[in-house]
Amino acid sequence: MSKTIELQIERSRVLIEGLSKNIGALTSKGITDSSLESMTKDLEKLALANEECSRVREELSIKVKHMNSILTTVKEAFADKKRIIKTNYPQEHWIRYGVQDKR
């Protein structure tokens with residue numbers, strides 16, 4: 001769980017608890033049981049959404065690592081093939097083989 005979200009949820013729960021204990025004095029200020037219930041439901045939604053984001057981040061992290069592995073393989077193959085052309089042919093012929101280097 002994200003530290004920012006976790007902290008907000010905890011602080012909100014403590015606030016709701018304190019407000020609930022003093023609801024009689026706060027009703028005239030616009031704070032009602034129903035508004036606190038609504039806030040509690042929103043906190044539950046936030047916790048679920050945060051858990052889902054954490055799962056998606058983990059899945060993405062795995063996919064990014066896999067992609068980076070493939071990228072490394074492609075870069076190595078590219079450099080190897082390019083090196084063969086550059087060491088076996090004169091510079092003016094490199095472009096014919098797809099090597100765009102100028103030197």
# chains A, B, ... in the order shown; residues from 1 in each chain; ligands from 1
>>> residues_around(residues="A:Leu15", least_positions_apart="6", cutoff="10 Å", atoms="only C-alpha atoms", output="PyMOL selection string")
chain A and resi 9+21+36
>>> residues_around(residues="A:Met39", least_positions_apart="6", cutoff="10 Å", atoms="only C-alpha atoms", output="compact mmCIF listing (two decimals) with N, CA, C and O atoms, in the first residue's frame")
# COMPACT_ATOMS: atom_id res chain seq x y z
N SER A 12 -7.68 9.63 8.64
CA SER A 12 -9.12 9.80 8.46
C SER A 12 -9.90 8.93 9.43
O SER A 12 -10.92 9.36 9.98
N ARG A 13 -9.44 7.71 9.65
CA ARG A 13 -10.12 6.81 10.59
C ARG A 13 -10.09 7.37 12.01
O ARG A 13 -11.08 7.31 12.74
N ILE A 16 -12.55 10.25 12.12
CA ILE A 16 -13.93 9.76 12.15
C ILE A 16 -14.28 9.24 13.54
O ILE A 16 -15.37 9.51 14.07
N ASP A 33 -23.96 11.66 11.44
CA ASP A 33 -23.61 10.23 11.35
C ASP A 33 -23.54 9.80 9.90
O ASP A 33 -22.66 9.06 9.50
N LYS A 45 -13.37 2.35 -0.18
CA LYS A 45 -13.15 2.39 -1.63
C LYS A 45 -11.70 2.76 -1.95
O LYS A 45 -11.10 2.19 -2.86
>>> select_by_dssp(residues="chain A", states="alpha helix (DSSP H)", output="PyMOL selection string")
chain A and resi 3-21+23-26+33-88+91-94
>>> atom_distance(atom1="atom CA of A:Glu17", atom2="atom CA of A:Thr40")
10.1 Å
>>> residues_around(residues="stretch 46-63 of chain A", least_positions_apart="6", cutoff="10 Å", atoms="only C-alpha atoms", output="ChimeraX atom specification")
/A:1-2,5-6,8-9,40,69
>>> residues_around(residues="A:Gln91", least_positions_apart="5", cutoff="8 Å", atoms="only C-alpha atoms", output="short mmCIF file (atom, residue, chain, number, x, y, z; two decimals) with N, CA and C atoms, in the first residue's frame")
data_model
loop_
_atom_site.label_atom_id
_atom_site.label_comp_id
_atom_site.auth_asym_id
_atom_site.auth_seq_id
_atom_site.Cartn_x
_atom_site.Cartn_y
_atom_site.Cartn_z
N LYS A 86 31.02 -2.93 -39.95
CA LYS A 86 32.00 -1.84 -39.83
C LYS A 86 33.44 -2.33 -39.90
N LYS A 102 28.28 7.47 -39.38
CA LYS A 102 29.12 8.24 -40.29
C LYS A 102 30.60 7.92 -40.08
N ARG A 103 30.91 7.37 -38.93
CA ARG A 103 32.31 7.01 -38.66
C ARG A 103 32.38 5.77 -37.81
#
>>> atom_distance(atom1="atom CA of A:Glu37", atom2="atom CA of A:Leu7")
19.4 Å
>>> closest_residue(among="A:Thr27, A:Lys82, A:Val14, A:Thr87", to="A:Asp101", atoms="only C-alpha atoms")
A:Lys82
>>> decode(residues="stretch 25-54 of chain A", atoms="N, CA, C and O atoms", output="PDB file, in the first residue's frame")
ATOM      1  N   ALA A  25     -22.230  17.293  19.726  1.00  0.00           N
ATOM      2  CA  ALA A  25     -21.774  18.683  19.676  1.00  0.00           C
ATOM      3  C   ALA A  25     -21.516  19.148  18.242  1.00  0.00           C
ATOM      4  O   ALA A  25     -21.410  20.343  17.985  1.00  0.00           O
ATOM      5  N   LEU A  26     -21.410  18.204  17.310  1.00  0.00           N
ATOM      6  CA  LEU A  26     -21.030  18.554  15.939  1.00  0.00           C
ATOM      7  C   LEU A  26     -22.185  18.588  14.949  1.00  0.00           C
ATOM      8  O   LEU A  26     -22.039  19.110  13.841  1.00  0.00           O
ATOM      9  N   THR A  27     -23.330  18.037  15.328  1.00  0.00           N
ATOM     10  CA  THR A  27     -24.468  17.993  14.415  1.00  0.00           C
ATOM     11  C   THR A  27     -24.851  19.400  13.967  1.00  0.00           C
ATOM     12  O   THR A  27     -25.150  19.621  12.796  1.00  0.00           O
ATOM     13  N   SER A  28     -24.814  20.353  14.880  1.00  0.00           N
ATOM     14  CA  SER A  28     -25.173  21.744  14.527  1.00  0.00           C
ATOM     15  C   SER A  28     -24.139  22.375  13.602  1.00  0.00           C
ATOM     16  O   SER A  28     -24.395  23.398  12.982  1.00  0.00           O
ATOM     17  N   LYS A  29     -22.973  21.757  13.508  1.00  0.00           N
ATOM     18  CA  LYS A  29     -21.900  22.257  12.632  1.00  0.00           C
ATOM     19  C   LYS A  29     -21.927  21.591  11.250  1.00  0.00           C
ATOM     20  O   LYS A  29     -21.082  21.836  10.424  1.00  0.00           O
ATOM     21  N   GLY A  30     -22.898  20.697  11.043  1.00  0.00           N
ATOM     22  CA  GLY A  30     -23.039  20.048   9.748  1.00  0.00           C
ATOM     23  C   GLY A  30     -22.402  18.670   9.658  1.00  0.00           C
ATOM     24  O   GLY A  30     -22.411  18.040   8.606  1.00  0.00           O
ATOM     25  N   ILE A  31     -21.841  18.194  10.755  1.00  0.00           N
ATOM     26  CA  ILE A  31     -21.243  16.858  10.762  1.00  0.00           C
ATOM     27  C   ILE A  31     -22.284  15.899  11.327  1.00  0.00           C
ATOM     28  O   ILE A  31     -22.719  16.037  12.468  1.00  0.00           O
ATOM     29  N   THR A  32     -22.678  14.929  10.500  1.00  0.00           N
ATOM     30  CA  THR A  32     -23.730  13.983  10.897  1.00  0.00           C
ATOM     31  C   THR A  32     -23.193  12.559  10.828  1.00  0.00           C
ATOM     32  O   THR A  32     -22.150  12.302  10.225  1.00  0.00           O
ATOM     33  N   ASP A  33     -23.962  11.658  11.440  1.00  0.00           N
ATOM     34  CA  ASP A  33     -23.608  10.233  11.354  1.00  0.00           C
ATOM     35  C   ASP A  33     -23.544   9.795   9.899  1.00  0.00           C
ATOM     36  O   ASP A  33     -22.656   9.056   9.501  1.00  0.00           O
ATOM     37  N   SER A  34     -24.492  10.281   9.107  1.00  0.00           N
ATOM     38  CA  SER A  34     -24.531   9.861   7.710  1.00  0.00           C
ATOM     39  C   SER A  34     -23.311  10.381   6.943  1.00  0.00           C
ATOM     40  O   SER A  34     -22.779   9.689   6.084  1.00  0.00           O
ATOM     41  N   SER A  35     -22.830  11.581   7.248  1.00  0.00           N
ATOM     42  CA  SER A  35     -21.634  12.094   6.557  1.00  0.00           C
ATOM     43  C   SER A  35     -20.394  11.304   6.973  1.00  0.00           C
ATOM     44  O   SER A  35     -19.488  11.082   6.161  1.00  0.00           O
ATOM     45  N   LEU A  36     -20.365  10.857   8.218  1.00  0.00           N
ATOM     46  CA  LEU A  36     -19.227  10.044   8.694  1.00  0.00           C
ATOM     47  C   LEU A  36     -19.278   8.648   8.075  1.00  0.00           C
ATOM     48  O   LEU A  36     -18.239   8.078   7.735  1.00  0.00           O
ATOM     49  N   GLU A  37     -20.499   8.107   7.924  1.00  0.00           N
ATOM     50  CA  GLU A  37     -20.645   6.808   7.256  1.00  0.00           C
ATOM     51  C   GLU A  37     -20.196   6.901   5.801  1.00  0.00           C
ATOM     52  O   GLU A  37     -19.521   5.999   5.283  1.00  0.00           O
ATOM     53  N   SER A  38     -20.564   7.985   5.159  1.00  0.00           N
ATOM     54  CA  SER A  38     -20.158   8.204   3.770  1.00  0.00           C
ATOM     55  C   SER A  38     -18.630   8.299   3.669  1.00  0.00           C
ATOM     56  O   SER A  38     -18.021   7.727   2.759  1.00  0.00           O
ATOM     57  N   MET A  39     -18.040   8.999   4.599  1.00  0.00           N
ATOM     58  CA  MET A  39     -16.575   9.130   4.615  1.00  0.00           C
ATOM     59  C   MET A  39     -15.917   7.774   4.845  1.00  0.00           C
ATOM     60  O   MET A  39     -14.909   7.447   4.208  1.00  0.00           O
ATOM     61  N   THR A  40     -16.495   6.968   5.727  1.00  0.00           N
ATOM     62  CA  THR A  40     -15.971   5.630   5.994  1.00  0.00           C
ATOM     63  C   THR A  40     -16.040   4.754   4.748  1.00  0.00           C
ATOM     64  O   THR A  40     -15.090   4.043   4.421  1.00  0.00           O
ATOM     65  N   LYS A  41     -17.167   4.834   4.025  1.00  0.00           N
ATOM     66  CA  LYS A  41     -17.308   4.063   2.784  1.00  0.00           C
ATOM     67  C   LYS A  41     -16.281   4.512   1.751  1.00  0.00           C
ATOM     68  O   LYS A  41     -15.712   3.692   1.032  1.00  0.00           O
ATOM     69  N   ASP A  42     -16.045   5.821   1.681  1.00  0.00           N
ATOM     70  CA  ASP A  42     -15.040   6.335   0.746  1.00  0.00           C
ATOM     71  C   ASP A  42     -13.641   5.835   1.107  1.00  0.00           C
ATOM     72  O   ASP A  42     -12.834   5.530   0.226  1.00  0.00           O
ATOM     73  N   LEU A  43     -13.364   5.731   2.401  1.00  0.00           N
ATOM     74  CA  LEU A  43     -12.065   5.201   2.835  1.00  0.00           C
ATOM     75  C   LEU A  43     -11.907   3.746   2.423  1.00  0.00           C
ATOM     76  O   LEU A  43     -10.822   3.323   2.007  1.00  0.00           O
ATOM     77  N   GLU A  44     -12.990   2.974   2.522  1.00  0.00           N
ATOM     78  CA  GLU A  44     -12.956   1.576   2.098  1.00  0.00           C
ATOM     79  C   GLU A  44     -12.697   1.488   0.590  1.00  0.00           C
ATOM     80  O   GLU A  44     -11.905   0.667   0.134  1.00  0.00           O
ATOM     81  N   LYS A  45     -13.367   2.353  -0.184  1.00  0.00           N
ATOM     82  CA  LYS A  45     -13.146   2.388  -1.630  1.00  0.00           C
ATOM     83  C   LYS A  45     -11.698   2.760  -1.949  1.00  0.00           C
ATOM     84  O   LYS A  45     -11.097   2.193  -2.859  1.00  0.00           O
ATOM     85  N   LEU A  46     -11.178   3.729  -1.211  1.00  0.00           N
ATOM     86  CA  LEU A  46      -9.799   4.160  -1.419  1.00  0.00           C
ATOM     87  C   LEU A  46      -8.825   3.025  -1.133  1.00  0.00           C
ATOM     88  O   LEU A  46      -7.885   2.791  -1.899  1.00  0.00           O
ATOM     89  N   ALA A  47      -9.064   2.288  -0.060  1.00  0.00           N
ATOM     90  CA  ALA A  47      -8.182   1.163   0.290  1.00  0.00           C
ATOM     91  C   ALA A  47      -8.223   0.097  -0.802  1.00  0.00           C
ATOM     92  O   ALA A  47      -7.173  -0.429  -1.195  1.00  0.00           O
ATOM     93  N   LEU A  48      -9.403  -0.203  -1.314  1.00  0.00           N
ATOM     94  CA  LEU A  48      -9.528  -1.206  -2.387  1.00  0.00           C
ATOM     95  C   LEU A  48      -8.849  -0.727  -3.669  1.00  0.00           C
ATOM     96  O   LEU A  48      -8.139  -1.497  -4.323  1.00  0.00           O
ATOM     97  N   ALA A  49      -9.070   0.527  -4.018  1.00  0.00           N
ATOM     98  CA  ALA A  49      -8.439   1.078  -5.227  1.00  0.00           C
ATOM     99  C   ALA A  49      -6.923   1.077  -5.087  1.00  0.00           C
ATOM    100  O   ALA A  49      -6.198   0.774  -6.046  1.00  0.00           O
ATOM    101  N   ASN A  50      -6.439   1.375  -3.901  1.00  0.00           N
ATOM    102  CA  ASN A  50      -4.994   1.387  -3.666  1.00  0.00           C
ATOM    103  C   ASN A  50      -4.404  -0.019  -3.774  1.00  0.00           C
ATOM    104  O   ASN A  50      -3.326  -0.204  -4.341  1.00  0.00           O
ATOM    105  N   GLU A  51      -5.123  -1.009  -3.246  1.00  0.00           N
ATOM    106  CA  GLU A  51      -4.668  -2.398  -3.367  1.00  0.00           C
ATOM    107  C   GLU A  51      -4.610  -2.825  -4.828  1.00  0.00           C
ATOM    108  O   GLU A  51      -3.659  -3.479  -5.259  1.00  0.00           O
ATOM    109  N   GLU A  52      -5.629  -2.429  -5.594  1.00  0.00           N
ATOM    110  CA  GLU A  52      -5.646  -2.763  -7.017  1.00  0.00           C
ATOM    111  C   GLU A  52      -4.466  -2.105  -7.737  1.00  0.00           C
ATOM    112  O   GLU A  52      -3.792  -2.739  -8.549  1.00  0.00           O
ATOM    113  N   CYS A  53      -4.203  -0.849  -7.430  1.00  0.00           N
ATOM    114  CA  CYS A  53      -3.067  -0.151  -8.043  1.00  0.00           C
ATOM    115  C   CYS A  53      -1.745  -0.828  -7.677  1.00  0.00           C
ATOM    116  O   CYS A  53      -0.855  -0.938  -8.524  1.00  0.00           O
ATOM    117  N   SER A  54      -1.629  -1.282  -6.452  1.00  0.00           N
ATOM    118  CA  SER A  54      -0.409  -1.971  -6.029  1.00  0.00           C
ATOM    119  C   SER A  54      -0.212  -3.261  -6.830  1.00  0.00           C
ATOM    120  O   SER A  54       0.903  -3.570  -7.253  1.00  0.00           O
TER     121      SER A  54
END
